[in-house]
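Colleague: Input: one structure, supplied below.
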2 protein chains.
Amino acid sequence: MPRQVDVGRRRKEIYEAVFRLLVRGGVEQASLRKVADEAGLNIGAVRNYFDNHEELMTAAAREILDRISARLYADLAELEAGADPAEAARKMLCELLPLDETRRYETTVMFTLAERGRFTPAYAELSAEIHDGTRRLIHEILTRAGIADVEVETERLASLIDGLGFNGITHRPPPTPAFQLEVLDFHLDQLRRTNPDRRRH
Amino acid sequence: MPRQVDVGRRRKEIYEAVFRLLVRGGVEQASLRKVADEAGLNIGAVRNYFDNHEELMTAAAREILDRISARLYADLAELEAGADPAEAARKMLCELLPLDETRRYETTVMFTLAERGRFTPAYAELSAEIHDGTRRLIHEILTRAGIADVEVETERLASLIDGLGFNGITHRPPPTPAFQLEVLDFHLDQLRRTNPDRRRH
């Protein structure tokens with residue numbers, strides 16, 4: 001009788017191998033064979049779950065998206081349980097910045113896929129989902145906060161987060177988490193200052 | 001007697017082939033052989049100028065940097081010749097956004113190299129030069145405009161430009177030039193509003 005394999009755990013091991021290879025060497029380093037080597041599996045075990053490279057990459061990116069979404073839902077639940085709205089909003093935005101090792105990995109995977117999405121339709125689709133999801137979230141946060149000019153403010157804050165994230169993973173030495181937070185907090189503070197109605201309530 | 005080749009023109013033909021391939025398929029599509037094919041040259045002609053792929057990529061990226069710098073110096077000259085400072089500053093920032101086909105190509109080459117710079121030291125060096133150069137320029141613009149909190153404002157505006165640029169080349173359909181300009185102008189307008197000293201002069 002063949003040894004029982006925990007499918008969920010095996011897939012997660014494969015994803016972790018993908019993430020490490022993407023961070024070390026980009027998409028071309030994450031072939032099915034190299035991923036199998038990195039995970040200490042034979043290639044047949046990887047092919048059991050993923051037919052080809054593109055399928056593996058999109059599944060790995062979706063795993064990252066699910067992890068970020070789970071944190072955002074937890075933040076939303078805190079908010080609905082009565083957390084300070086400004087603090088909850090800030091926490092949600094911080095989920096999207098490369099402020100620690102986990103989020104650096106996540107941001108790297110997201111940007112790598114977005115860059116490849118320029119010429120790989122499956123990645124472009126996923127990349128659009130991330131782009132639109134981020135903007136929906138920020139739009140919701142700014143609307144709840146009563147910010148004026150919410151359409152342009154949404155794109156401004158989303159692009160700021162994207163720029164900080166991109167530099168956070170590409171620049172050497174990477175900007176410190178403290179500096180990334182300083183820029184974010186400065187922006188949020190300016191948003192409050194230029195929306196005086198909110199201060200009066 | 002061999003036919004005389006215009007070295008400068010030949011190099012430019014090779015760069016244009018590199019740019020087209022980078023935009024169509026990323027760095028791996030721009031091998032010396034594929035670049036030679038794209039430029040309608042034999043590979044020996046390309047090897048005449050570039051020993052390897054990395055050398056060709058860095059030379060092509062430097063060509064882009066030179067083109068952007070030339071435009072920025074022209075803007076600075078206009079400024080020194082008495083152009084409206086706010087208008088000149090806006091024009092310089094627009095040189096960095098993917099607002100037309102030329103700037104879309106340039107932005108794509110820059111971001112592609114920055115992404116690869118995560119694991120290719122030669123690209124990381126060039127990428128740092130772009131990163132630092134952009135920030136020096138913006139720091140100078142904001143200092144001349146008398147903007148307070150200039151360090152954090154510099155990173156805020158530079159990251160905003162980076163985020164708009166990255167989305168401008170990765171998102172489908174790409175954000176319209178009008179929308180990119182709306183976000184930039186909104187930001188510049190907010191900067192003026194939150195720096196009231198400047199308005200009084």
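Ligands are numbered from 1 in the order shown, chains are lettered A, B, ... in the order of the structure tokens, and residues start at 1 in each chain.
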Where does chain A meet chain B within 7 Å, residue by residue, with the nearest atom pair and distance in Å to one decimal for each, counting only C-alpha atoms, listed by chain and rising number, as a Markdown table?
Modeller:
| residue | atom | partner | partner_atom | distance |
| --- | --- | --- | --- | --- |
| A:Arg24 | CA | B:Phe119 | CA | 6.4 |
| A:Gly25 | CA | B:Phe119 | CA | 5.8 |
| A:Ala114 | CA | B:Thr170 | CA | 6.3 |
| A:Glu115 | CA | B:Thr170 | CA | 6.3 |
| A:Gly117 | CA | B:Thr170 | CA | 6.8 |
| A:Arg118 | CA | B:Thr170 | CA | 5.5 |
| A:Phe119 | CA | B:Gly25 | CA | 5.8 |
| A:Ala128 | CA | B:His171 | CA | 6.4 |
| A:Val152 | CA | B:Val183 | CA | 5.9 |
| A:Arg156 | CA | B:Val183 | CA | 6.0 |
| A:Ser159 | CA | B:Gly163 | CA | 4.2 |
| A:Leu160 | CA | B:Leu160 | CA | 4.3 |
| A:Asp162 | CA | B:Gly163 | CA | 4.8 |
| A:Gly163 | CA | B:Gly163 | CA | 4.0 |
| A:Leu164 | CA | B:Ser159 | CA | 5.5 |
| A:Thr170 | CA | B:Arg118 | CA | 5.5 |
| A:His171 | CA | B:Ala128 | CA | 6.4 |
| A:Val183 | CA | B:Val152 | CA | 5.9 |
Colleague: So that I have them on file, write out the residues from the current selection with N, CA, C and O atoms, as a compact mmCIF listing (two decimals), in the first residue's frame.
Modeller:
# COMPACT_ATOMS: atom_id res chain seq x y z
N ARG A 24 14.95 34.20 -5.35
CA ARG A 24 16.39 34.07 -5.67
C ARG A 24 16.69 34.37 -7.12
O ARG A 24 17.72 34.95 -7.43
N GLY A 25 15.83 33.95 -8.05
CA GLY A 25 16.25 34.06 -9.44
C GLY A 25 15.16 34.36 -10.46
O GLY A 25 15.41 34.24 -11.66
N ALA A 114 3.37 40.23 -12.02
CA ALA A 114 2.81 41.39 -12.73
C ALA A 114 3.71 41.74 -13.91
O ALA A 114 3.23 42.03 -15.01
N GLU A 115 5.03 41.70 -13.69
CA GLU A 115 5.97 42.03 -14.77
C GLU A 115 5.83 41.03 -15.92
O GLU A 115 5.75 41.42 -17.08
N GLY A 117 3.23 39.35 -16.55
CA GLY A 117 1.88 39.47 -17.09
C GLY A 117 1.85 40.32 -18.35
O GLY A 117 0.90 40.23 -19.13
N ARG A 118 2.88 41.13 -18.56
CA ARG A 118 2.95 41.92 -19.79
C ARG A 118 2.89 41.03 -21.03
O ARG A 118 2.44 41.46 -22.08
N PHE A 119 3.37 39.79 -20.93
CA PHE A 119 3.38 38.95 -22.14
C PHE A 119 2.91 37.52 -21.88
O PHE A 119 3.04 36.67 -22.74
N ALA A 128 -4.24 41.59 -12.86
CA ALA A 128 -5.37 42.53 -12.90
C ALA A 128 -6.23 42.34 -11.65
O ALA A 128 -6.76 43.30 -11.08
N VAL A 152 -9.68 59.70 -7.38
CA VAL A 152 -8.27 60.06 -7.62
C VAL A 152 -7.43 59.76 -6.37
O VAL A 152 -6.28 59.33 -6.48
N ARG A 156 -4.11 57.45 -6.16
CA ARG A 156 -2.91 58.06 -5.60
C ARG A 156 -2.34 57.18 -4.48
O ARG A 156 -1.14 56.87 -4.48
N SER A 159 -1.13 53.72 -5.94
CA SER A 159 0.14 53.85 -6.67
C SER A 159 1.29 54.10 -5.69
O SER A 159 2.40 53.60 -5.90
N LEU A 160 1.02 54.87 -4.65
CA LEU A 160 2.05 55.10 -3.64
C LEU A 160 2.47 53.77 -2.99
O LEU A 160 3.67 53.47 -2.85
N ASP A 162 2.10 50.79 -4.29
CA ASP A 162 2.81 50.00 -5.31
C ASP A 162 4.26 50.46 -5.45
O ASP A 162 5.18 49.64 -5.54
N GLY A 163 4.48 51.77 -5.49
CA GLY A 163 5.84 52.30 -5.64
C GLY A 163 6.71 51.95 -4.44
O GLY A 163 7.86 51.53 -4.60
N LEU A 164 6.16 52.11 -3.24
CA LEU A 164 6.92 51.75 -2.04
C LEU A 164 7.25 50.25 -2.05
O LEU A 164 8.36 49.85 -1.71
N THR A 170 13.21 45.90 -4.74
CA THR A 170 14.28 45.98 -5.75
C THR A 170 15.49 46.78 -5.28
O THR A 170 16.59 46.54 -5.76
N HIS A 171 15.29 47.74 -4.40
CA HIS A 171 16.42 48.61 -4.06
C HIS A 171 17.35 47.94 -3.05
O HIS A 171 16.91 47.20 -2.18
N VAL A 183 6.57 57.25 5.35
CA VAL A 183 5.93 57.79 4.14
C VAL A 183 4.42 57.51 4.16
O VAL A 183 3.61 58.40 3.89
Colleague: Tell me which protein, DNA and RNA residues are within 6 Å of stretch 38-48 of chain B, counting only C-alpha atoms, leaving out same-chain ones fewer than 4 positions away, and put them as a list in words.
Modeller: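 Contacts, in chain order: Ile14, Ala17 and Arg33 of chain B.
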Colleague: Considering only helix (DSSP H, G or I) as DSSP defines it on the backbone, what residues of stretch 25-169 of chain B qualify? List them as a count of residues only.
Modeller: 115
Colleague: Please indicate the distance in Å from atom CA of A:Arg10 to atom CA of A:Leu65, rounded to one decimal place.
Modeller: 18.7 Å
Colleague: So which one's closest to A:Arg144, A:Gly168, A:Pro85, A:Gly8, A:Pro196? Using only C-alpha atoms, please.
Modeller: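 Checking each candidate against A:Arg144, we get A:Pro85 as the closest.
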